[in-house]
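Enquirer: Got a structure for you, questions after.
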2 protein chains.
Amino acid sequence: MKAITSLQNSQVKTWGLLHDRATRNERKQFLVEGYHLVREAHQAGILQELIITQEMDAMSGIPSTLVSMEIIQKIAKTKTPQGIMGICNMNNSNDLNRDRYLILDGIQDPGNLGTLIRSALGFGIEGIITTPNGVDMYHDKVLRATQGALFYLDIHVNPLEEILPLFLMQGVKLYGTDVEEGVFLHEITPPHRFAIVLGSEGQGLSSYAKKQVQQMVHIPTHDILESLNVAIAGSIILYQFMQRGGY
Amino acid sequence: MKAITSLQNSQVKTWGLLHDRATRNERKQFLVEGYHLVREAHQAGILQELIITQEMDAMSGIPSTLVSMEIIQKIAKTKTPQGIMGICNMNNSNDLNRDRYLILDGIQDPGNLGTLIRSALGFGIEGIITTPNGVDMYHDKVLRATQGALFYLDIHVNPLEEILPLFLMQGVKLYGTDVEEGVFLHEITPPHRFAIVLGSEGQGLSSYAKKQVQQMVHIPTHDILESLNVAIAGSIILYQFMQRGGY
């Protein structure tokens with residue numbers, strides 16, 4: 001097994017650059033930290049390289065590099081990192097021919113984005129599309145909040161202006177959500193192919209998205225509450241759609 | 001209007017001590033930051049004192065102190081604070097005679113706790129009970145995530161060993177949630193009086209809570225997902241209970 005002990009080693013710097021969104025997109029790779037995420041990435045078939053502080057035999061066939069804890073601490077983002085990290089391939093495809101998508105337009109909070117991706121996997125969504133103006137799906141805090149759910153989904157980054165007209169042309173039904181208007185969530189039976197569009201925490205759906213979306217969905221709440229958190233609203237829609245859609 | 005300009009003023013130190021949980025509980029008071037939360041606290045009738053950088057006439061009858069931005073920066077927890085803070089009274093009561101409670105056992109993440117409280121208000125819950133082993137409801141990050149929803153709810157802090165036997169004696173039906181077992185959420189119609197118990201992020205329901213709870217609730221998800229985030233699971237239960245319970 002390869003071993004690196006110097007913090008100045010060029011390989012260490014190369015790994016660290018994966019914290020930069022542009023570098024990730026260029027190399028089509030990203031970093032994961034900790035046993036849980038590394039194991040999930042391996043299981044999903046996207047783990048390319050292991051960085052570990054102790055020799056282990058669990059992940060056969062994966063090229064590994066033995067490093068000191070100081071090196072892990074340098075490249076990890078968690079405060080008290082576990083002695084294991086992984087380099088993974090992004091599982092992007094160019095096809096947009098799945099049946100059920102979640103489109104996340106400009107979500108800013110890593111916890112909200114990660115949680116939505118986690119819920120999406122549980123409730124039968126097949127593809128996630130984020131927009132370039134939101135937090136990146138491969139941000140370390142997003143990955144942690146997904147608990148690895150991202151690795152099992154079809155992932156895309158596209159501006160709404162590209163994706164919504166394409167879906168409309170393909171006959172994919174577009175749903176949005178709004179505090180004020182829309183059909184009650186529990187009265188909707190989703191069709192075979194659909195996409196749910198969620199807006200950002202501060203702004204909600206953009207005016208462009210509102211124009212393109214065919215059906216606004218309303219989650220009934222008591223009036224005293226101004227609005228639900230976006231990850232909550234999105235997950236409730238995903239839950240109810242799966243119940244009514246039976247997929 | 002009173003004015004304070006020195007960072008060393010004893011009043012500034014007294015305000016700052018409200019970041020300490022024990023001090024908050026002793027004084028039965030807590031701090032809020034920013035226009036939105038201060039306004040919500042005022043509307044809910046719990047705002048006792050204003051700390052502001054500019055004279056304003058919006059909140060009549062509330063004693064105000066004019067301070068420098070440096071003082072706000074010293075006592076605020078946000079990185080770029082707005083020039084307004086408030087001192088509020090806790091709205092604890094000793095009565096536990098509401099119809100619908102959410103019991104949060106050892107929640108660790110401020111965002112999860114705050115989001116659950118926000119959802120609870122929207123979905124007809126009247127009282128929140130947290131346990132002393134979890135993050136405090138008056139932690140600044142929790143307050144921010146609630147967006148002020150906490151101010152309209154009946155609030156308690158009690159160990160489970162006190163609250164669950166009391167509720168059982170009163171005939172309040174106790175629900176818990178579990179990844180593995182339980183009745184499907186969409187098949188449950190909640191009775192007039194009930195309490196939902198949610199466990200912590202890492203551990204789920206404690207074995208004590210599992211023993212006391214009368215009905216386990218199961219949210220169906222695809223098997224590929226290990227579990228939902230606790231704030232998501234709790235909010236979906238609250239949504240579905242309100243739908244089926246019609247309150």
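Ordered as shown in the structure tokens, chains take letters A, B, and onward, while each chain numbers its residues from 1 and ligands are numbered from 1 in the order shown.
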Please list as a VMD selection string every residue within 12 Å of Ser200 of chain A, counting only C-alpha atoms and excluding residues in the same chain fewer than 4 positions away.

Expert: chain A and resid 103 to 110 112 to 113 130 to 131 133 to 135 177 to 178 204 to 206 209 229 to 231 233 to 234

Enquirer: Could you take the residues named above and write them with C-alpha atoms, as an mmCIF file, in the first residue's frame?

Expert:
data_model
loop_
_atom_site.group_PDB
_atom_site.id
_atom_site.type_symbol
_atom_site.label_atom_id
_atom_site.label_comp_id
_atom_site.auth_asym_id
_atom_site.auth_seq_id
_atom_site.Cartn_x
_atom_site.Cartn_y
_atom_site.Cartn_z
ATOM 1 C CA ILE A 103 -35.832 20.074 -8.843
ATOM 2 C CA LEU A 104 -34.181 22.290 -6.215
ATOM 3 C CA ASP A 105 -33.894 25.908 -7.313
ATOM 4 C CA GLY A 106 -31.344 27.914 -5.365
ATOM 5 C CA ILE A 107 -31.464 26.130 -1.980
ATOM 6 C CA GLN A 108 -28.859 27.891 0.218
ATOM 7 C CA ASP A 109 -28.674 25.839 3.417
ATOM 8 C CA PRO A 110 -26.566 22.644 3.197
ATOM 9 C CA ASN A 112 -31.915 21.621 3.920
ATOM 10 C CA LEU A 113 -30.446 20.401 0.620
ATOM 11 C CA THR A 130 -30.123 21.423 -8.627
ATOM 12 C CA THR A 131 -29.472 24.849 -10.113
ATOM 13 C CA ASN A 133 -27.212 29.378 -7.955
ATOM 14 C CA GLY A 134 -27.702 27.088 -4.939
ATOM 15 C CA VAL A 135 -25.322 25.274 -2.585
ATOM 16 C CA THR A 177 -45.475 24.791 -3.985
ATOM 17 C CA ASP A 178 -46.802 27.998 -2.545
ATOM 18 C CA GLY A 204 -39.615 30.623 -2.603
ATOM 19 C CA LEU A 205 -40.307 29.800 -6.251
ATOM 20 C CA SER A 206 -38.898 32.282 -8.776
ATOM 21 C CA ALA A 209 -40.678 28.800 -12.185
ATOM 22 C CA ASN A 229 -39.196 25.107 6.304
ATOM 23 C CA VAL A 230 -38.460 24.140 2.665
ATOM 24 C CA ALA A 231 -37.016 20.711 3.555
ATOM 25 C CA ALA A 233 -42.580 21.176 2.936
ATOM 26 C CA GLY A 234 -40.733 19.250 0.209
#

Enquirer: Check which residues of chain A sit at most 9 Å from chain B using only C-alpha atoms, and return one row each with the closest pair of atoms and their distance in Å to one decimal, ordered by chain and rising number, as a tab-separated table.

Expert:
residue	atom	partner	partner_atom	distance
A:Gly111	CA	B:Gly111	CA	8.5
A:Thr115	CA	B:Asn229	CA	6.8
A:Arg118	CA	B:Leu228	CA	7.0
A:Ser119	CA	B:Leu228	CA	6.4
A:Leu121	CA	B:Leu225	CA	6.4
A:Gly122	CA	B:Thr221	CA	4.8
A:Phe123	CA	B:Thr221	CA	5.6
A:Gly124	CA	B:His222	CA	6.6
A:Ala145	CA	B:Asn229	CA	8.5
A:Gln147	CA	B:Glu226	CA	8.9
A:Ala149	CA	B:Leu225	CA	7.0
A:Tyr152	CA	B:Ile224	CA	8.6
A:His186	CA	B:Gln243	CA	8.5
A:Ile219	CA	B:Tyr239	CA	8.6
A:Pro220	CA	B:Phe123	CA	8.3
A:Thr221	CA	B:Gly122	CA	4.8
A:His222	CA	B:Gly122	CA	4.9
A:Asp223	CA	B:Gly122	CA	7.3
A:Ile224	CA	B:Gly122	CA	7.0
A:Leu225	CA	B:Gly122	CA	5.2
A:Glu226	CA	B:Gly122	CA	8.3
A:Ser227	CA	B:Gly122	CA	8.0
A:Leu228	CA	B:Ser119	CA	6.4
A:Asn229	CA	B:Thr115	CA	6.8
A:Ala231	CA	B:Ile232	CA	7.6
A:Ile232	CA	B:Ile232	CA	5.7
A:Ala233	CA	B:Ser235	CA	8.9
A:Ser235	CA	B:Ile232	CA	6.7
A:Ile236	CA	B:Ile236	CA	5.6
A:Tyr239	CA	B:Ile236	CA	7.6
A:Gln240	CA	B:Gln240	CA	9.0
A:Met242	CA	B:Thr221	CA	8.9
A:Gln243	CA	B:His186	CA	8.5

Enquirer: Name the residues in contact with Gln29 of chain A at a cut-off of 9 Å, using only C-alpha atoms, excluding same-chain residues fewer than 2 positions from it; report them as a list in words.

Expert: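 After dropping sequence-adjacent residues, the list is Leu18, Thr23, Arg24, Asn25, Glu26, Arg27, Leu31, Ile87, Cys88, Asn89 and Met90 of chain A.
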
Enquirer: Write the selection just made, keeping N, CA and C atoms, as a PDB file, in the first residue's frame?

Expert:
ATOM      1  N   LEU A  18     -10.264  19.293  -3.859  1.00  0.00           N
ATOM      2  CA  LEU A  18     -11.629  18.805  -4.118  1.00  0.00           C
ATOM      3  C   LEU A  18     -12.670  19.498  -3.239  1.00  0.00           C
ATOM      4  N   THR A  23     -13.155  22.721  -9.069  1.00  0.00           N
ATOM      5  CA  THR A  23     -12.247  21.585  -9.222  1.00  0.00           C
ATOM      6  C   THR A  23     -13.024  20.262  -9.266  1.00  0.00           C
ATOM      7  N   ARG A  24     -14.016  20.158  -8.379  1.00  0.00           N
ATOM      8  CA  ARG A  24     -14.849  18.942  -8.370  1.00  0.00           C
ATOM      9  C   ARG A  24     -15.499  18.735  -9.735  1.00  0.00           C
ATOM     10  N   ASN A  25     -16.078  19.793 -10.273  1.00  0.00           N
ATOM     11  CA  ASN A  25     -16.781  19.672 -11.555  1.00  0.00           C
ATOM     12  C   ASN A  25     -15.837  19.339 -12.693  1.00  0.00           C
ATOM     13  N   GLU A  26     -14.617  19.875 -12.624  1.00  0.00           N
ATOM     14  CA  GLU A  26     -13.615  19.623 -13.648  1.00  0.00           C
ATOM     15  C   GLU A  26     -13.164  18.161 -13.611  1.00  0.00           C
ATOM     16  N   ARG A  27     -12.890  17.667 -12.397  1.00  0.00           N
ATOM     17  CA  ARG A  27     -12.396  16.285 -12.267  1.00  0.00           C
ATOM     18  C   ARG A  27     -13.518  15.261 -12.193  1.00  0.00           C
ATOM     19  N   LEU A  31     -14.936  14.407  -2.460  1.00  0.00           N
ATOM     20  CA  LEU A  31     -14.425  13.779  -1.240  1.00  0.00           C
ATOM     21  C   LEU A  31     -15.560  13.359  -0.318  1.00  0.00           C
ATOM     22  N   ILE A  87     -12.252   9.134  -2.169  1.00  0.00           N
ATOM     23  CA  ILE A  87     -12.443   9.916  -3.391  1.00  0.00           C
ATOM     24  C   ILE A  87     -13.477   9.170  -4.232  1.00  0.00           C
ATOM     25  N   CYS A  88     -14.517   9.852  -4.631  1.00  0.00           N
ATOM     26  CA  CYS A  88     -15.610   9.212  -5.367  1.00  0.00           C
ATOM     27  C   CYS A  88     -15.817   9.849  -6.732  1.00  0.00           C
ATOM     28  N   ASN A  89     -16.338   9.061  -7.658  1.00  0.00           N
ATOM     29  CA  ASN A  89     -16.762   9.587  -8.953  1.00  0.00           C
ATOM     30  C   ASN A  89     -18.181  10.126  -8.871  1.00  0.00           C
ATOM     31  N   MET A  90     -18.425  11.264  -9.478  1.00  0.00           N
ATOM     32  CA  MET A  90     -19.795  11.756  -9.613  1.00  0.00           C
ATOM     33  C   MET A  90     -20.543  10.816 -10.530  1.00  0.00           C
TER      34      MET A  90
END

Enquirer: When DSSP works through the backbone of this structure, what residues of segment 92-224 of chain A end up as strand (DSSP E), shown as a list in words?

Expert: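 These are the residues in question: Arg100, Tyr101, Leu102, Ile103, Leu104, Gly127, Ile128, Ile129, Thr130, Asp154, Ile155, His156, Val157, Lys173, Leu174, Tyr175, Gly176, Thr177, Val183, Phe184, Phe194, Ala195, Ile196, Val197, Leu198, Gln215, Met216, Val217 and His218 of chain A.
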
Enquirer: B:Ile62, B:Pro190, B:Glu49, B:Gly34: which is nearest Lys79 of chain B, counting only C-alpha atoms?

Expert: B:Gly34

Enquirer: Report as a PyMOL selection string all protein, DNA and RNA residues lying within 9 Å of Asn92 of chain B, evaluated on only C-alpha atoms, omitting residues in the same chain fewer than 6 positions from it.

Expert: chain B and resi 28+154-157

Enquirer: Emit the selected residues as a PDB file, in the first residue's frame, including N, CA and C atoms.

Expert:
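Generated file (out27.pdb):
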ATOM      1  N   LYS B  28     -35.848  33.214  34.070  1.00  0.00           N
ATOM      2  CA  LYS B  28     -37.052  32.966  33.236  1.00  0.00           C
ATOM      3  C   LYS B  28     -37.114  33.955  32.061  1.00  0.00           C
ATOM      4  N   ASP B 154     -47.197  26.403  24.237  1.00  0.00           N
ATOM      5  CA  ASP B 154     -47.034  26.160  25.657  1.00  0.00           C
ATOM      6  C   ASP B 154     -45.779  25.290  25.826  1.00  0.00           C
ATOM      7  N   ILE B 155     -44.847  25.772  26.623  1.00  0.00           N
ATOM      8  CA  ILE B 155     -43.497  25.205  26.647  1.00  0.00           C
ATOM      9  C   ILE B 155     -43.162  24.562  27.996  1.00  0.00           C
ATOM     10  N   HIS B 156     -42.576  23.381  27.964  1.00  0.00           N
ATOM     11  CA  HIS B 156     -42.178  22.707  29.209  1.00  0.00           C
ATOM     12  C   HIS B 156     -40.840  22.012  29.031  1.00  0.00           C
ATOM     13  N   VAL B 157     -40.098  21.899  30.111  1.00  0.00           N
ATOM     14  CA  VAL B 157     -38.899  21.052  30.128  1.00  0.00           C
ATOM     15  C   VAL B 157     -39.058  20.052  31.267  1.00  0.00           C
TER      16      VAL B 157
END

Enquirer: Figure out the distance between atom CA of Pro191 of chain A and atom CA of Asp99 of chain A, please, to one decimal in Å.

Expert: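 Interatomic distance, atom CA of Asp99 of chain A to atom CA of Pro191 of chain A: 9.3 Å.
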